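So this one's protein.cif, mmCIF, C-alpha atoms:
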```cif
data_upload
loop_
_atom_site.label_atom_id
_atom_site.label_comp_id
_atom_site.auth_asym_id
_atom_site.auth_seq_id
_atom_site.Cartn_x
_atom_site.Cartn_y
_atom_site.Cartn_z
CA MET U 1 62.27 -55.04 -73.00
CA MET U 2 59.10 -54.74 -75.08
CA ARG U 3 57.52 -57.53 -73.02
CA TYR U 4 58.31 -55.56 -69.83
CA ILE U 5 56.84 -52.35 -71.21
CA GLY U 6 53.64 -54.21 -72.19
CA ARG U 7 53.24 -55.64 -68.69
CA LEU U 8 53.81 -52.18 -67.20
CA HIS U 9 51.16 -50.68 -69.46
CA ARG U 10 48.62 -53.34 -68.52
CA THR U 11 49.40 -52.78 -64.83
CA ARG U 12 48.79 -49.05 -65.18
CA VAL U 13 45.51 -49.69 -66.99
CA LEU U 14 44.35 -52.04 -64.27
CA PHE U 15 45.38 -49.58 -61.58
CA VAL U 16 43.57 -46.71 -63.25
CA GLY U 17 40.49 -48.88 -63.78
CA ALA U 18 40.48 -49.96 -60.15
CA ALA U 19 40.90 -46.38 -59.01
CA LEU U 20 38.00 -45.27 -61.14
CA ALA U 21 35.85 -48.09 -59.74
CA VAL U 22 36.69 -47.13 -56.15
CA ALA U 23 35.98 -43.51 -56.93
CA ALA U 24 32.62 -44.47 -58.42
CA ILE U 25 31.76 -46.46 -55.31
CA VAL U 26 32.78 -43.62 -53.00
CA LEU U 27 30.91 -41.06 -55.02
CA GLY U 28 27.93 -43.36 -55.17
CA PHE U 29 28.03 -43.82 -51.39
CA TYR U 30 27.89 -40.07 -50.77
CA ALA U 31 25.66 -39.22 -53.68
CA SER U 32 23.04 -41.88 -53.08
CA PRO U 33 21.46 -40.37 -49.93
CA LEU U 34 21.41 -36.96 -51.55
CA GLY U 35 19.78 -38.43 -54.58
CA THR U 36 17.23 -40.20 -52.40
CA VAL U 37 16.42 -37.06 -50.42
CA SER U 38 16.15 -35.16 -53.64
CA ALA U 39 13.76 -37.77 -55.03
CA VAL U 40 11.61 -37.68 -51.91
CA GLY U 41 11.68 -33.92 -51.90
CA ASN U 42 10.75 -33.79 -55.56
CA GLY U 43 7.98 -36.31 -54.90
CA ALA U 44 6.53 -34.23 -52.10
CA GLN U 45 6.79 -31.09 -54.20
CA SER U 46 5.16 -32.88 -57.09
CA LEU U 47 2.22 -33.99 -54.92
CA LYS U 48 1.79 -30.50 -53.54
CA SER U 49 1.89 -29.13 -57.08
CA ARG U 50 -0.83 -31.52 -58.15
CA CYS U 51 -2.94 -30.44 -55.13
CA ALA U 52 -2.57 -26.83 -56.28
CA GLU U 53 -2.93 -27.34 -60.02
CA ASN U 54 -5.28 -30.28 -60.59
CA GLY U 55 -8.37 -28.84 -58.92
CA ALA U 56 -8.17 -30.18 -55.35
CA VAL U 57 -7.33 -26.74 -53.96
CA PRO U 58 -8.99 -23.78 -55.68
CA ASP U 59 -6.52 -20.97 -56.22
CA GLY U 60 -3.79 -23.09 -54.70
CA SER U 61 -1.08 -20.52 -55.32
CA ALA U 62 -2.81 -18.19 -52.86
CA ASN U 63 -3.53 -20.80 -50.15
CA ALA U 64 -0.39 -22.69 -49.18
CA GLY U 65 -2.05 -23.82 -45.95
CA LEU U 66 -4.80 -25.74 -47.71
CA VAL U 67 -2.25 -27.19 -50.13
CA ASN U 68 -0.38 -28.54 -47.11
CA ASP U 69 -3.65 -29.99 -45.74
CA CYS U 70 -4.24 -31.67 -49.11
CA PHE U 71 -0.72 -33.11 -49.07
CA THR U 72 -1.10 -34.33 -45.46
CA LEU U 73 -4.36 -36.16 -46.11
CA LEU U 74 -3.22 -37.77 -49.35
CA LYS U 75 -0.08 -39.05 -47.62
CA ALA U 76 -2.22 -40.36 -44.73
CA LYS U 77 -4.94 -41.85 -46.90
CA ASP U 78 -3.70 -45.41 -47.42
CA LYS U 79 -2.66 -45.98 -43.81
CA LEU U 80 -5.98 -44.66 -42.53
CA ARG U 81 -8.40 -46.35 -44.88
CA GLY U 82 -6.85 -49.81 -45.02
CA SER U 83 -9.10 -51.73 -47.39
CA ALA U 84 -11.90 -49.14 -47.28
CA ALA U 85 -12.55 -46.56 -49.98
CA LEU U 86 -11.99 -42.81 -49.76
CA ASN U 87 -12.42 -40.51 -52.74
CA TRP U 88 -9.52 -38.24 -51.80
CA SER U 89 -7.65 -37.28 -54.97
CA THR U 90 -5.89 -34.29 -56.51
CA ASP U 91 -8.48 -34.43 -59.30
CA ILE U 92 -11.43 -33.86 -56.95
CA ALA U 93 -12.09 -30.60 -55.13
CA MET U 94 -11.37 -30.99 -51.41
CA SER U 95 -14.81 -29.61 -50.63
CA GLN U 96 -16.13 -32.88 -52.14
CA TRP U 97 -13.78 -35.22 -50.28
CA ASN U 98 -15.33 -37.83 -47.99
CA GLY U 99 -15.71 -36.57 -44.44
CA LEU U 100 -14.05 -33.19 -44.91
CA THR U 101 -15.30 -29.78 -43.86
CA LEU U 102 -13.47 -26.65 -44.94
CA GLY U 103 -13.79 -23.38 -43.11
CA GLY U 104 -12.11 -20.14 -42.15
CA SER U 105 -10.44 -17.51 -44.29
CA PRO U 106 -8.35 -18.57 -46.03
CA LEU U 107 -9.95 -21.99 -46.27
CA ARG U 108 -8.43 -24.81 -44.22
CA VAL U 109 -9.55 -28.29 -43.13
CA THR U 110 -11.52 -27.71 -39.92
CA GLU U 111 -13.39 -31.01 -39.52
CA LEU U 112 -12.63 -34.62 -40.41
CA ASP U 113 -15.62 -36.90 -39.83
CA LEU U 114 -15.08 -40.48 -41.04
CA ARG U 115 -17.27 -42.37 -38.61
CA ARG U 116 -18.86 -45.58 -39.89
CA ARG U 117 -16.64 -45.73 -42.99
CA GLU U 118 -15.39 -49.29 -42.35
CA LEU U 119 -11.84 -48.01 -42.04
CA ASP U 120 -9.53 -50.84 -40.96
CA GLY U 121 -6.15 -49.17 -41.07
CA ALA U 122 -4.47 -47.16 -38.32
CA ILE U 123 -4.48 -43.54 -37.20
CA PRO U 124 -1.68 -41.75 -39.11
CA ARG U 125 0.67 -39.66 -37.01
CA ARG U 126 0.85 -37.00 -39.70
CA LEU U 127 -2.72 -35.87 -38.96
CA ASN U 128 -1.11 -33.53 -36.44
CA SER U 129 -0.21 -31.32 -39.42
CA LEU U 130 -3.87 -30.30 -39.85
CA GLU U 131 -3.26 -27.11 -37.92
CA GLN U 132 -6.81 -25.71 -37.99
CA LEU U 133 -8.63 -28.96 -37.21
CA THR U 134 -11.38 -28.48 -34.61
CA ARG U 135 -13.12 -31.86 -34.91
CA LEU U 136 -11.73 -35.34 -35.54
CA ASP U 137 -14.23 -38.21 -35.58
CA LEU U 138 -12.98 -41.67 -36.55
CA SER U 139 -15.50 -43.57 -34.42
CA GLU U 140 -17.32 -46.82 -35.22
CA ASN U 141 -14.68 -48.23 -37.54
CA PHE U 142 -12.13 -51.05 -37.24
CA LEU U 143 -8.99 -49.00 -36.70
CA GLN U 144 -6.09 -50.78 -35.03
CA GLY U 145 -2.80 -49.83 -33.45
CA GLU U 146 -2.10 -47.10 -30.94
CA ILE U 147 -3.33 -43.54 -30.54
CA PRO U 148 -0.52 -41.32 -31.88
CA ALA U 149 0.93 -39.01 -29.25
CA ARG U 150 1.24 -36.37 -31.97
CA LEU U 151 -2.50 -35.78 -31.84
CA GLY U 152 -1.68 -33.78 -28.74
CA ARG U 153 -0.28 -31.09 -31.06
CA LEU U 154 -3.68 -30.26 -32.58
CA ALA U 155 -3.95 -27.04 -30.61
CA ASN U 156 -7.36 -26.03 -32.03
CA LEU U 157 -9.08 -29.38 -31.56
CA GLN U 158 -12.40 -29.19 -29.72
CA ARG U 159 -13.83 -32.68 -30.33
CA LEU U 160 -11.91 -35.96 -30.53
CA HIS U 161 -13.99 -39.12 -31.03
CA LEU U 162 -12.12 -42.40 -31.53
CA GLY U 163 -14.70 -44.65 -29.87
CA THR U 164 -15.77 -48.13 -31.02
CA ASN U 165 -12.61 -49.27 -32.79
CA LYS U 166 -9.88 -51.80 -32.01
CA LEU U 167 -7.28 -49.41 -30.70
CA GLU U 168 -4.67 -50.80 -28.31
CA GLY U 169 -1.91 -49.55 -26.06
CA ARG U 170 -1.99 -46.66 -23.64
CA ILE U 171 -3.74 -43.32 -23.72
CA PRO U 172 -0.94 -40.85 -24.56
CA GLY U 173 -0.45 -38.23 -21.87
CA GLU U 174 0.21 -35.72 -24.65
CA LEU U 175 -3.54 -35.46 -25.16
CA GLY U 176 -3.50 -33.39 -21.99
CA ASN U 177 -2.03 -30.54 -24.07
CA LEU U 178 -5.33 -30.03 -25.90
CA SER U 179 -6.50 -27.08 -23.82
CA ASN U 180 -9.38 -26.30 -26.21
CA LEU U 181 -10.77 -29.84 -26.21
CA GLU U 182 -14.38 -30.06 -25.03
CA TYR U 183 -15.21 -33.66 -25.93
CA LEU U 184 -12.95 -36.73 -25.64
CA ASN U 185 -14.41 -40.14 -26.43
CA ILE U 186 -12.21 -43.24 -26.66
CA GLU U 187 -14.83 -45.72 -25.41
CA ARG U 188 -15.18 -49.32 -26.60
CA ASN U 189 -11.61 -50.07 -27.59
CA GLU U 190 -8.90 -52.31 -26.13
CA LEU U 191 -6.82 -49.65 -24.41
CA ASN U 192 -4.81 -50.60 -21.33
CA GLY U 193 -2.56 -48.95 -18.78
CA ARG U 194 -3.55 -46.18 -16.43
CA ILE U 195 -5.53 -43.03 -17.07
CA PRO U 196 -2.78 -40.43 -17.55
CA PRO U 197 -2.86 -37.70 -14.90
CA GLU U 198 -1.81 -35.28 -17.64
CA LEU U 199 -5.46 -35.18 -18.69
CA LYS U 200 -5.94 -32.64 -15.93
CA GLY U 201 -4.64 -30.15 -18.50
CA LEU U 202 -7.89 -30.43 -20.49
CA SER U 203 -9.24 -27.26 -18.91
CA SER U 204 -12.11 -26.90 -21.40
CA LEU U 205 -13.23 -30.54 -21.29
CA GLN U 206 -16.95 -31.18 -20.78
CA GLN U 207 -17.21 -34.90 -21.61
CA LEU U 208 -14.67 -37.66 -20.91
CA ARG U 209 -15.71 -41.13 -22.05
CA LEU U 210 -13.13 -43.89 -21.53
CA ASN U 211 -15.59 -46.68 -20.74
CA ASN U 212 -15.43 -50.25 -22.06
CA ASN U 213 -11.67 -50.63 -22.28
CA LYS U 214 -9.05 -52.48 -20.23
CA LEU U 215 -7.75 -49.51 -18.26
CA GLY U 216 -6.24 -50.34 -14.88
CA GLY U 217 -4.58 -48.75 -11.90
CA ARG U 218 -6.03 -46.03 -9.72
CA ILE U 219 -8.12 -43.04 -10.70
CA SER U 220 -5.88 -40.01 -10.37
CA SER U 221 -7.12 -37.45 -7.87
CA GLU U 222 -5.95 -34.82 -10.38
CA LEU U 223 -9.00 -35.51 -12.53
CA GLY U 224 -10.87 -33.48 -9.93
CA GLU U 225 -9.23 -30.40 -11.48
CA LEU U 226 -11.44 -30.73 -14.58
CA SER U 227 -13.73 -27.97 -13.39
CA ASN U 228 -15.83 -27.84 -16.58
CA LEU U 229 -16.47 -31.57 -16.82
CA GLN U 230 -20.12 -32.63 -17.12
CA THR U 231 -19.77 -36.33 -18.01
CA LEU U 232 -17.21 -38.77 -16.61
CA ARG U 233 -17.59 -42.36 -17.79
CA LEU U 234 -14.96 -44.83 -16.69
CA ASP U 235 -17.26 -47.86 -16.45
CA PHE U 236 -16.38 -51.37 -17.62
CA ASN U 237 -12.64 -51.19 -17.08
CA ARG U 238 -10.23 -52.72 -14.56
CA LEU U 239 -9.75 -49.71 -12.32
CA MET U 240 -8.98 -50.30 -8.66
CA GLY U 241 -8.38 -48.44 -5.43
CA HIS U 242 -10.52 -45.83 -3.73
CA ILE U 243 -12.79 -43.30 -5.40
CA PRO U 244 -10.89 -40.00 -5.07
CA GLU U 245 -12.73 -37.53 -2.88
CA GLU U 246 -11.47 -34.82 -5.26
CA LEU U 247 -14.13 -35.92 -7.76
CA GLY U 248 -16.50 -34.03 -5.52
CA ASP U 249 -14.85 -30.79 -6.67
CA MET U 250 -16.22 -31.04 -10.21
CA ALA U 251 -19.09 -28.66 -9.65
CA LYS U 252 -20.59 -29.01 -13.15
CA LEU U 253 -20.61 -32.81 -13.25
CA ARG U 254 -23.91 -34.37 -14.33
CA THR U 255 -22.96 -38.00 -14.99
CA LEU U 256 -20.49 -40.11 -13.02
CA SER U 257 -20.25 -43.79 -13.91
CA LEU U 258 -17.66 -46.18 -12.46
CA GLU U 259 -19.72 -49.32 -13.00
CA ASN U 260 -18.07 -52.71 -13.31
CA ASN U 261 -14.55 -52.02 -12.08
CA ARG U 262 -12.60 -53.16 -9.04
CA MET U 263 -13.08 -50.07 -6.91
CA SER U 264 -12.83 -50.57 -3.14
CA GLY U 265 -13.16 -48.53 0.04
CA ARG U 266 -15.94 -46.16 0.98
CA ILE U 267 -18.10 -43.92 -1.15
CA PRO U 268 -16.67 -40.46 -0.44
CA PRO U 269 -19.27 -38.18 1.16
CA GLU U 270 -17.76 -35.35 -0.93
CA LEU U 271 -19.80 -36.66 -3.85
CA GLY U 272 -22.72 -35.02 -2.11
CA ASN U 273 -21.27 -31.67 -3.24
CA LEU U 274 -22.05 -32.42 -6.90
CA ALA U 275 -25.15 -30.25 -7.01
CA GLU U 276 -25.67 -30.68 -10.78
CA LEU U 277 -25.38 -34.48 -10.73
CA ARG U 278 -28.14 -36.37 -12.58
CA SER U 279 -26.69 -39.88 -12.67
CA LEU U 280 -24.46 -41.66 -10.14
CA VAL U 281 -23.62 -45.26 -11.07
CA LEU U 282 -21.11 -47.11 -8.89
CA CYS U 283 -22.52 -50.62 -9.19
CA GLU U 284 -20.56 -53.87 -9.61
CA ASN U 285 -17.50 -52.93 -7.60
CA GLU U 286 -16.17 -53.88 -4.17
CA LEU U 287 -17.21 -50.77 -2.25
CA THR U 288 -17.67 -51.04 1.50
CA GLY U 289 -19.07 -48.91 4.32
CA GLY U 290 -22.41 -47.20 4.37
CA VAL U 291 -24.35 -45.12 1.88
CA PRO U 292 -23.34 -41.53 2.78
CA ALA U 293 -26.24 -39.45 4.02
CA GLU U 294 -24.63 -36.56 2.10
CA LEU U 295 -25.95 -38.07 -1.13
CA GLY U 296 -29.34 -36.80 0.01
CA LYS U 297 -28.17 -33.32 -0.99
CA LEU U 298 -28.15 -34.27 -4.68
CA ALA U 299 -31.42 -32.52 -5.44
CA ASN U 300 -31.10 -33.01 -9.22
CA LEU U 301 -30.28 -36.72 -9.08
CA VAL U 302 -32.39 -38.91 -11.37
CA HIS U 303 -30.45 -42.19 -11.42
CA LEU U 304 -28.72 -43.76 -8.39
CA ASP U 305 -27.28 -47.26 -8.73
CA LEU U 306 -25.03 -48.61 -5.98
CA SER U 307 -25.94 -52.25 -6.49
CA THR U 308 -23.65 -55.29 -6.31
CA ASN U 309 -21.13 -54.01 -3.81
CA LYS U 310 -20.41 -54.77 -0.15
CA LEU U 311 -22.18 -51.78 1.35
CA ASN U 312 -23.55 -52.10 4.88
CA GLY U 313 -25.40 -50.04 7.44
CA ARG U 314 -28.82 -48.45 7.15
CA ILE U 315 -30.57 -46.62 4.34
CA SER U 316 -30.58 -42.99 5.39
CA PRO U 317 -33.95 -41.22 5.64
CA LYS U 318 -32.24 -38.47 3.62
CA VAL U 319 -32.96 -40.58 0.54
CA GLY U 320 -36.44 -39.04 0.64
CA ASP U 321 -34.93 -35.68 -0.28
CA LEU U 322 -34.03 -36.91 -3.78
CA ALA U 323 -37.28 -35.55 -5.19
CA ARG U 324 -36.38 -36.06 -8.87
CA LEU U 325 -35.15 -39.62 -8.48
CA ARG U 326 -36.53 -42.15 -10.98
CA TRP U 327 -34.14 -45.05 -10.44
CA LEU U 328 -32.96 -46.31 -7.05
CA ASP U 329 -31.01 -49.57 -7.02
CA LEU U 330 -29.28 -50.65 -3.81
CA SER U 331 -29.64 -54.38 -4.44
CA GLU U 332 -27.06 -57.07 -3.75
CA ASN U 333 -25.36 -55.41 -0.80
CA ARG U 334 -25.34 -56.00 2.96
CA LEU U 335 -27.68 -53.23 4.03
CA THR U 336 -29.50 -53.65 7.33
CA GLY U 337 -32.26 -51.97 9.30
CA ARG U 338 -35.64 -50.80 8.13
CA ILE U 339 -36.77 -49.34 4.83
CA PRO U 340 -37.28 -45.66 5.69
CA GLY U 341 -40.81 -44.42 5.19
CA GLN U 342 -39.34 -41.36 3.49
CA VAL U 343 -39.02 -43.36 0.28
CA GLY U 344 -42.72 -42.61 -0.16
CA LYS U 345 -41.73 -39.04 -1.02
CA LEU U 346 -40.02 -40.23 -4.21
CA VAL U 347 -43.16 -39.87 -6.29
CA ASN U 348 -41.27 -39.90 -9.61
CA LEU U 349 -39.61 -43.24 -8.89
CA GLU U 350 -39.88 -45.83 -11.66
CA ARG U 351 -37.57 -48.47 -10.20
CA LEU U 352 -37.00 -49.37 -6.55
CA ASP U 353 -34.71 -52.37 -6.18
CA LEU U 354 -33.56 -53.38 -2.68
CA ASN U 355 -33.33 -57.13 -3.22
CA GLN U 356 -30.61 -59.35 -1.71
CA ASN U 357 -29.81 -57.29 1.36
CA ARG U 358 -30.40 -57.89 5.08
CA LEU U 359 -33.26 -55.45 5.58
CA THR U 360 -35.61 -56.06 8.49
CA GLY U 361 -38.86 -54.69 9.84
CA TRP U 362 -42.08 -53.90 8.04
CA VAL U 363 -42.60 -52.63 4.52
CA PRO U 364 -43.71 -49.00 5.00
CA GLY U 365 -47.16 -48.30 3.63
CA GLN U 366 -45.78 -45.12 2.06
CA VAL U 367 -44.35 -47.29 -0.72
CA GLY U 368 -47.93 -47.41 -2.05
CA LYS U 369 -47.58 -43.74 -3.04
CA LEU U 370 -45.01 -44.64 -5.71
CA VAL U 371 -47.58 -45.04 -8.45
CA GLU U 372 -45.04 -44.53 -11.27
CA LEU U 373 -43.11 -47.68 -10.32
CA GLU U 374 -42.31 -50.15 -13.09
CA LEU U 375 -40.38 -52.41 -10.72
CA LEU U 376 -40.60 -52.93 -6.98
CA ASP U 377 -38.18 -55.60 -5.81
CA LEU U 378 -37.86 -56.22 -2.06
CA SER U 379 -37.14 -59.93 -2.40
CA ASP U 380 -34.49 -61.91 -0.54
CA ASN U 381 -34.33 -59.83 2.63
CA ARG U 382 -35.46 -60.40 6.23
CA LEU U 383 -38.62 -58.34 6.10
CA LYS U 384 -41.45 -59.36 8.40
CA GLY U 385 -44.93 -58.35 9.47
CA THR U 386 -47.83 -58.25 7.06
CA ILE U 387 -47.74 -57.08 3.48
CA PRO U 388 -49.33 -53.59 3.50
CA ALA U 389 -52.63 -53.19 1.68
CA GLU U 390 -51.42 -49.75 0.47
CA LEU U 391 -49.46 -51.56 -2.23
CA SER U 392 -52.76 -52.00 -4.02
CA SER U 393 -52.23 -48.50 -5.43
CA LEU U 394 -49.43 -49.86 -7.64
CA THR U 395 -51.83 -50.86 -10.38
CA ASN U 396 -49.43 -49.84 -13.16
CA THR U 397 -46.47 -51.73 -11.75
CA PRO U 398 -45.71 -54.85 -13.85
CA GLN U 399 -43.44 -56.43 -11.23
CA VAL U 400 -43.82 -56.48 -7.45
CA LEU U 401 -41.39 -58.98 -5.94
CA LEU U 402 -41.78 -59.73 -2.22
CA ASP U 403 -40.64 -63.36 -2.04
CA GLU U 404 -37.88 -64.84 0.13
CA ASN U 405 -38.75 -62.81 3.21
CA SER U 406 -40.45 -63.59 6.53
CA PHE U 407 -43.88 -62.04 6.04
CA GLU U 408 -46.76 -63.19 8.24
CA GLY U 409 -50.49 -63.42 7.86
CA CYS U 410 -52.22 -63.34 4.52
CA VAL U 411 -51.76 -61.26 1.39
CA PRO U 412 -54.39 -58.47 1.14
CA ALA U 413 -57.05 -59.32 -1.44
CA ALA U 414 -56.73 -55.76 -2.80
CA LEU U 415 -53.40 -56.80 -4.31
CA ARG U 416 -54.97 -59.44 -6.57
CA PRO U 417 -54.96 -57.18 -9.70
CA ILE U 418 -51.22 -56.64 -9.25
CA PRO U 419 -48.63 -59.16 -10.51
CA VAL U 420 -47.20 -59.65 -7.02
CA VAL U 421 -44.78 -62.48 -6.21
CA PHE U 422 -44.70 -63.76 -2.61
CA ASP U 423 -43.59 -66.88 -0.77
CA PRO U 424 -45.67 -70.02 -1.33
CA GLY U 425 -46.33 -70.31 2.41
CA LEU U 426 -48.58 -67.25 2.23
CA SER U 427 -52.14 -67.21 0.92
CA TRP U 428 -54.66 -64.59 -0.12
CA CYS U 429 -56.85 -62.99 2.50
CA SER U 430 -60.57 -63.51 2.05
CA GLU U 431 -62.40 -60.50 0.71
#
```
As a first step, turn the structure in this file into structure tokens.
Amino acid sequence: MMRYIGRLHRTRVLFVGAALAVAAIVLGFYASPLGTVSAVGNGAQSLKSRCAENGAVPDGSANAGLVNDCFTLLKAKDKLRGSAALNWSTDIAMSQWNGLTLGGSPLRVTELDLRRRELDGAIPRRLNSLEQLTRLDLSENFLQGEIPARLGRLANLQRLHLGTNKLEGRIPGELGNLSNLEYLNIERNELNGRIPPELKGLSSLQQLRLNNNKLGGRISSELGELSNLQTLRLDFNRLMGHIPEELGDMAKLRTLSLENNRMSGRIPPELGNLAELRSLVLCENELTGGVPAELGKLANLVHLDLSTNKLNGRISPKVGDLARLRWLDLSENRLTGRIPGQVGKLVNLERLDLNQNRLTGWVPGQVGKLVELELLDLSDNRLKGTIPAELSSLTNTPQVLLDENSFEGCVPAALRPIPVVFDPGLSWCSE
């Protein structure tokens, strides 16, 4: 009997011990997450307390917003900087932190300028918590990864410069929510995908620079709704399809560059409506058709480069109406017909390049009026007749290229002081 009672006692002890162990496991299972959340919460509160009490935020008890900014940046610091150095610390006043500008009343972080800091981390998503940020410049670093969609929540942002990094992935359409943004520069990265049509929501945008990436697809016609845009640079990408005629609706546009893409089709004559345009660069594409005479309405145009395409037809005499033009490059196309004498009206021209076309006829003597020329290249065409003596006025022109044509007669002796290049079958006229 005693032996039985002993076994029963041991069994009860084991049962109670097992029950207690199970209870501990169950309680641990439910308590552990709460304990973790509590630890994280306490950690966040501790960091905010240090921001308020250690000197980073003056009078922190009266400026919870700046304390939150301090917390946000300290939590983002390591991901952003990578192996670079930033002096952000709770022991240093935020007004002395690298790249920070404080403003407003009460004080908040209004600008974050960390360009050329050798940052090699990534852009932290939590930067969207900087509610009063008006300028974010992380350009000319080595940042990797994607552009966080959360940046589209920075409602007060006016300037966003992420250019010259190693950013990948797509441009988040959420950036189109930044209705106060005036400047967007993401050039010289490794971004791919299409240009999001949501960018039409950037109603205040004045400059859009997406050049030197790997962007593909078509240019959305909705970009034409950016009525305040002054600069549109999409050059050196992999864009294809036609140039949207809606781009001609951007009445304030001054610079349009689509150079070095895979654009095809015709140059829309609607571009002639861009009365403020200074620079039109569409070179190194696969554009066809003629040069629209409507471009002659661009009275403020300084730079026109349509070279290296498949353009055909004649050069319109309307080109002479571009009185402010300094650069005219129509080379490497399939243009035919004569060089219009109206080019002589372009007295400010510094570069006239018509080489590698199928131009015929005589060189108009009016070209001699272009005394500001630094380059005159009419080589590799089908020009004939005699070389006009009027070119002797181009005494300040370092390059006059007339070779690979079908000129006749002799080269006027008056051109001897000029570094003129002509076919070896020609000789100088006697004086």
Selection result of the PyMOL selection byres ((chain U and resi 127-143) around 6) on this file, as a PyMOL selection string: chain U and resi 69+110-116+118-122+124-126+144+150-151+153-154+156-166
Residues near range 408-423 of chain U, cut-off 6 Å, all atoms listed in the file, skip fewer than 6 positions along chain, as number ranges by chain: U: 385-386, 389, 392, 395, 399-402, 429, 431
Pro269 in chain U surroundings by all atoms listed in the file, 10 Å radius, close-in-sequence under 5 positions cut, as an MDAnalysis selection string: chainID U and resid 245 248 291:295
Test item: the PyMOL selection byres ((chain U and resi 370) around 9) resolved as number ranges by chain: U: 343-350, 366-369, 371-373, 391, 393-394
Show me, as a PDB file with C-alpha atoms, keeping the file's coordinate frame, the residues that have an atom within 7 Å of Gly173 in chain U when counting all atoms listed in the file, minus same-chain residues fewer than 6 positions from it.
```pdb
ATOM      1  CA  PRO U 196      -2.780 -40.430 -17.550  1.00  0.00           C
ATOM      2  CA  GLU U 198      -1.810 -35.280 -17.640  1.00  0.00           C
ATOM      3  CA  LEU U 199      -5.460 -35.180 -18.690  1.00  0.00           C
TER       4      LEU U 199
END
```
Contacts of Thr308 in chain U at 7 Å (all atoms listed in the file; same-chain gap of 3+ positions) as JSON, numbers by chain: {"U": [283, 284, 285, 331, 332, 333]}
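Between CA of Leu247 in chain U and CA of Leu280 in chain U lies a distance of 12.1 Å.
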Surrounding residues of range 229-231 of chain U excluding itself and chain neighbours under 2 positions, 10 Å, all atoms listed in the file, as an MDAnalysis selection string: chainID U and resid 182:183 202:209 223:227 233:234 250:257 276:279
Create the file for the chosen residues now, containing C-alpha atoms and written as a CSV table (one decimal), in the coordinates of the input.
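After the write, out17.csv holds the following:
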```csv
chain,number,residue,atom,x,y,z
U,182,GLU,CA,-14.4,-30.1,-25.0
U,183,TYR,CA,-15.2,-33.7,-25.9
U,202,LEU,CA,-7.9,-30.4,-20.5
U,203,SER,CA,-9.2,-27.3,-18.9
U,204,SER,CA,-12.1,-26.9,-21.4
U,205,LEU,CA,-13.2,-30.5,-21.3
U,206,GLN,CA,-17.0,-31.2,-20.8
U,207,GLN,CA,-17.2,-34.9,-21.6
U,208,LEU,CA,-14.7,-37.7,-20.9
U,209,ARG,CA,-15.7,-41.1,-22.0
U,223,LEU,CA,-9.0,-35.5,-12.5
U,224,GLY,CA,-10.9,-33.5,-9.9
U,225,GLU,CA,-9.2,-30.4,-11.5
U,226,LEU,CA,-11.4,-30.7,-14.6
U,227,SER,CA,-13.7,-28.0,-13.4
U,233,ARG,CA,-17.6,-42.4,-17.8
U,234,LEU,CA,-15.0,-44.8,-16.7
U,250,MET,CA,-16.2,-31.0,-10.2
U,251,ALA,CA,-19.1,-28.7,-9.6
U,252,LYS,CA,-20.6,-29.0,-13.2
U,253,LEU,CA,-20.6,-32.8,-13.2
U,254,ARG,CA,-23.9,-34.4,-14.3
U,255,THR,CA,-23.0,-38.0,-15.0
U,256,LEU,CA,-20.5,-40.1,-13.0
U,257,SER,CA,-20.2,-43.8,-13.9
U,276,GLU,CA,-25.7,-30.7,-10.8
U,277,LEU,CA,-25.4,-34.5,-10.7
U,278,ARG,CA,-28.1,-36.4,-12.6
U,279,SER,CA,-26.7,-39.9,-12.7
```
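Between CA of Leu239 in chain U and CA of Glu222 in chain U the separation is 15.5 Å.
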Of the listed residues U:Val109, U:Cys51, U:Leu73, U:Leu181, that which approaches Ala93 in chain U most closely, counting only C-alpha atoms: U:Cys51
Result set of the PyMOL selection byres ((chain U and resi 243) around 8) on the coordinates above, as a PyMOL selection string: chain U and resi 219+241-242+244-245+247+263-268
